[in-house]
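Student: This structure is in structure tokens; I'll ask about it shortly.
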Amino acid sequence: MRKLTCYAWGRPGDWEAICVDYDLPAQGETLDEVRRELADAVDTYLEYVADLPASERQAFLNRKAPLSLRLRLSLESKASQVLTALRLTSDRGGLARARFVVTPTA
């Protein structure tokens with residue numbers, strides 16, 4: 001099964017996430033909730049795509065977030081990892097970031 005790249009960012013009570021492979025967003029109050037919501041959105045999307053005529057299916061399966069957004073999120077994620085490793089970040093009300101993988105069940 002294909003693994004999909006996703007990014008999340010937020011503060012306690014306000015999280016957003018996006019699956020950049022299908023340009024699907026989600027919102028939640030916690031990181032765990034936004035991850036679940038995004039996994040559900042991906043599964044629902046793939047179920048919808050599976051019901052499309054074969055001639056239309058490929059266009060939906062190749063729908064990615066814009067390249068500029070994918071690059072920005074990737075760079076921000078890498079920078080956040082480096083700063084955390086160097087202990088140069090503070091969690092005092094700042095924006096937290098996460099990169100994760102969703103494996104569709106559909």
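Going by the structure tokens order, chains are called A, B, ..., each with residues numbered from 1, while ligands are numbered from 1 in the order shown.
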As a tab-separated table (two decimals) with N, CA, C and O atoms, in the first residue's frame, please: the residues near A:Leu95 (cut-off 7 Å, only C-alpha atoms, same-chain neighbours under 4 positions excluded).
Tutor:
chain	number	residue	atom	x	y	z
A	9	TRP	N	0.49	21.28	11.72
A	9	TRP	CA	1.03	22.38	12.49
A	9	TRP	C	-0.09	22.93	13.36
A	9	TRP	O	-1.27	22.83	13.04
A	10	GLY	N	0.29	23.46	14.51
A	10	GLY	CA	-0.72	24.03	15.38
A	10	GLY	C	-0.26	24.25	16.79
A	10	GLY	O	0.91	24.09	17.13
A	11	ARG	N	-1.24	24.59	17.60
A	11	ARG	CA	-1.08	24.82	19.04
A	11	ARG	C	-2.16	24.01	19.73
A	11	ARG	O	-3.12	23.59	19.08
Student: Taking the chain letters and numbering used in this document, name the residues of chain A that DSSP puts in strand (DSSP E), as a list in words.
Tutor: Leu4, Thr5, Cys6, Tyr7, Ala8, Trp9, Gly10, Arg11, Asp14, Trp15, Glu16, Ala17, Ile18, Cys19, Leu24, Pro25, Ala26, Gln27, Gly28, Ala96, Arg97, Ala98, Arg99, Phe100, Val101 and Val102 of chain A
Student: Could you list, as a list in words, every residue within 10 Å of A:Val102, counting only C-alpha atoms and ignoring same-chain residues fewer than 6 positions away?
Tutor: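 My reading of the contact set: Arg2, Lys3, Leu4, Thr5, Cys6, Cys19, Arg35, Arg36, Leu38, Ala39, Asp40, Val42 and Asp43 of chain A.
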Student: Include C-alpha atoms and write out the residues we just selected as a PDB file, in the first residue's frame.
Tutor:
ATOM      1  CA  ARG A   2       1.221   3.497  -0.830  1.00  0.00           C
ATOM      2  CA  LYS A   3       2.385   5.714   2.043  1.00  0.00           C
ATOM      3  CA  LEU A   4       1.255   9.322   1.804  1.00  0.00           C
ATOM      4  CA  THR A   5       3.211  12.304   3.102  1.00  0.00           C
ATOM      5  CA  CYS A   6       1.371  14.602   5.483  1.00  0.00           C
ATOM      6  CA  CYS A  19      -1.894  15.322   2.805  1.00  0.00           C
ATOM      7  CA  ARG A  35      -4.040  12.779  12.117  1.00  0.00           C
ATOM      8  CA  ARG A  36      -7.185  10.644  12.480  1.00  0.00           C
ATOM      9  CA  LEU A  38      -6.803  13.338   7.769  1.00  0.00           C
ATOM     10  CA  ALA A  39      -6.586   9.537   7.544  1.00  0.00           C
ATOM     11  CA  ASP A  40     -10.410   9.434   7.363  1.00  0.00           C
ATOM     12  CA  VAL A  42      -7.876  10.153   2.610  1.00  0.00           C
ATOM     13  CA  ASP A  43      -9.901   6.943   2.924  1.00  0.00           C
TER      14      ASP A  43
END
Student: For atom CA of A:Arg57 and atom CA of A:Arg72, determine how far apart the two atoms are, in Å to one decimal place.
Tutor: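 These atoms are spaced 28.0 Å apart.
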Student: Could you please write out, as a PyMOL selection string, every residue of chain A that DSSP assigns to alpha helix (DSSP H)?
Tutor: chain A and resi 31-50+54-61+67-85
Student: Taking only C-alpha atoms into account, name the residue in A:Ala17, A:Leu24, A:Leu71, A:Phe60 that is nearest to A:Phe100.
Tutor: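 Of all the options, A:Ala17 lies closest to A:Phe100.
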Student: Using only C-alpha atoms, which of A:Ser74, A:Gln58, A:Ala65, A:Asp21 sits nearest A:Pro104?
Tutor: A:Asp21
Student: Go ahead and compute the interatomic distance for atom CA of A:Tyr22 and atom CA of A:Ala96, in Å to one decimal.
Tutor: 22.8 Å
Student: When distances are computed from only C-alpha atoms, which of A:Val82, A:Pro66, A:Tyr48, A:Gly94 shows the smallest separation from A:Asp23?
Tutor: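 Closest to A:Asp23 of all the choices is A:Pro66.
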Student: Would you pick out the contacts of A:Arg99 at 7 Å or less, using only C-alpha atoms, so that residues sharing its chain but fewer than 3 positions from it are not included, and give the list as a ChimeraX atom specification?
Tutor: /A:6-8,77
Student: Could you take the residues named above and write them with N, CA, C and O atoms, as an mmCIF file, in the first residue's frame?
Tutor:
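Full text of selection-v5.cif as output:
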data_model
loop_
_atom_site.group_PDB
_atom_site.id
_atom_site.type_symbol
_atom_site.label_atom_id
_atom_site.label_comp_id
_atom_site.auth_asym_id
_atom_site.auth_seq_id
_atom_site.Cartn_x
_atom_site.Cartn_y
_atom_site.Cartn_z
ATOM 1 N N CYS A 6 2.276 13.628 4.879
ATOM 2 C CA CYS A 6 1.371 14.602 5.483
ATOM 3 C C CYS A 6 2.143 15.506 6.438
ATOM 4 O O CYS A 6 3.155 15.093 7.014
ATOM 5 N N TYR A 7 1.645 16.697 6.616
ATOM 6 C CA TYR A 7 2.247 17.664 7.538
ATOM 7 C C TYR A 7 1.137 18.230 8.412
ATOM 8 O O TYR A 7 0.004 18.400 7.969
ATOM 9 N N ALA A 8 1.496 18.551 9.653
ATOM 10 C CA ALA A 8 0.552 19.170 10.578
ATOM 11 C C ALA A 8 1.263 20.299 11.309
ATOM 12 O O ALA A 8 2.475 20.258 11.505
ATOM 13 N N SER A 77 9.617 21.562 7.893
ATOM 14 C CA SER A 77 9.709 20.355 8.703
ATOM 15 C C SER A 77 11.163 20.018 9.017
ATOM 16 O O SER A 77 11.517 19.713 10.157
#
Student: Please list as a PDB file with N, CA, C and O atoms, in the first residue's frame every residue within 8 Å of A:Ala26, counting only C-alpha atoms and excluding residues in the same chain fewer than 3 positions away.
Tutor:
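Below is the file around.pdb, written as the result:
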ATOM      1  N   GLU A  16      -3.979  22.002  12.236  1.00  0.00           N
ATOM      2  CA  GLU A  16      -4.319  21.831  10.833  1.00  0.00           C
ATOM      3  C   GLU A  16      -3.338  20.838  10.228  1.00  0.00           C
ATOM      4  O   GLU A  16      -2.201  20.737  10.689  1.00  0.00           O
ATOM      5  N   ALA A  17      -3.784  20.116   9.214  1.00  0.00           N
ATOM      6  CA  ALA A  17      -2.909  19.155   8.538  1.00  0.00           C
ATOM      7  C   ALA A  17      -3.283  19.085   7.070  1.00  0.00           C
ATOM      8  O   ALA A  17      -4.393  19.451   6.678  1.00  0.00           O
ATOM      9  N   ILE A  18      -2.327  18.594   6.283  1.00  0.00           N
ATOM     10  CA  ILE A  18      -2.573  18.418   4.856  1.00  0.00           C
ATOM     11  C   ILE A  18      -1.839  17.177   4.374  1.00  0.00           C
ATOM     12  O   ILE A  18      -0.721  16.906   4.786  1.00  0.00           O
ATOM     13  N   VAL A  34      -6.143  15.453  14.533  1.00  0.00           N
ATOM     14  CA  VAL A  34      -5.981  15.904  13.149  1.00  0.00           C
ATOM     15  C   VAL A  34      -5.406  14.784  12.283  1.00  0.00           C
ATOM     16  O   VAL A  34      -5.753  14.656  11.113  1.00  0.00           O
ATOM     17  N   GLU A  37      -8.407  12.528  11.568  1.00  0.00           N
ATOM     18  CA  GLU A  37      -9.298  13.203  10.618  1.00  0.00           C
ATOM     19  C   GLU A  37      -8.724  13.155   9.201  1.00  0.00           C
ATOM     20  O   GLU A  37      -9.453  12.927   8.240  1.00  0.00           O
ATOM     21  N   LEU A  38      -7.422  13.361   9.089  1.00  0.00           N
ATOM     22  CA  LEU A  38      -6.803  13.338   7.769  1.00  0.00           C
ATOM     23  C   LEU A  38      -6.797  11.928   7.197  1.00  0.00           C
ATOM     24  O   LEU A  38      -7.068  11.741   6.005  1.00  0.00           O
ATOM     25  N   ALA A  41     -10.185  11.372   5.898  1.00  0.00           N
ATOM     26  CA  ALA A  41     -10.398  12.130   4.656  1.00  0.00           C
ATOM     27  C   ALA A  41      -9.752  11.419   3.467  1.00  0.00           C
ATOM     28  O   ALA A  41     -10.349  11.324   2.391  1.00  0.00           O
TER      29      ALA A  41
END
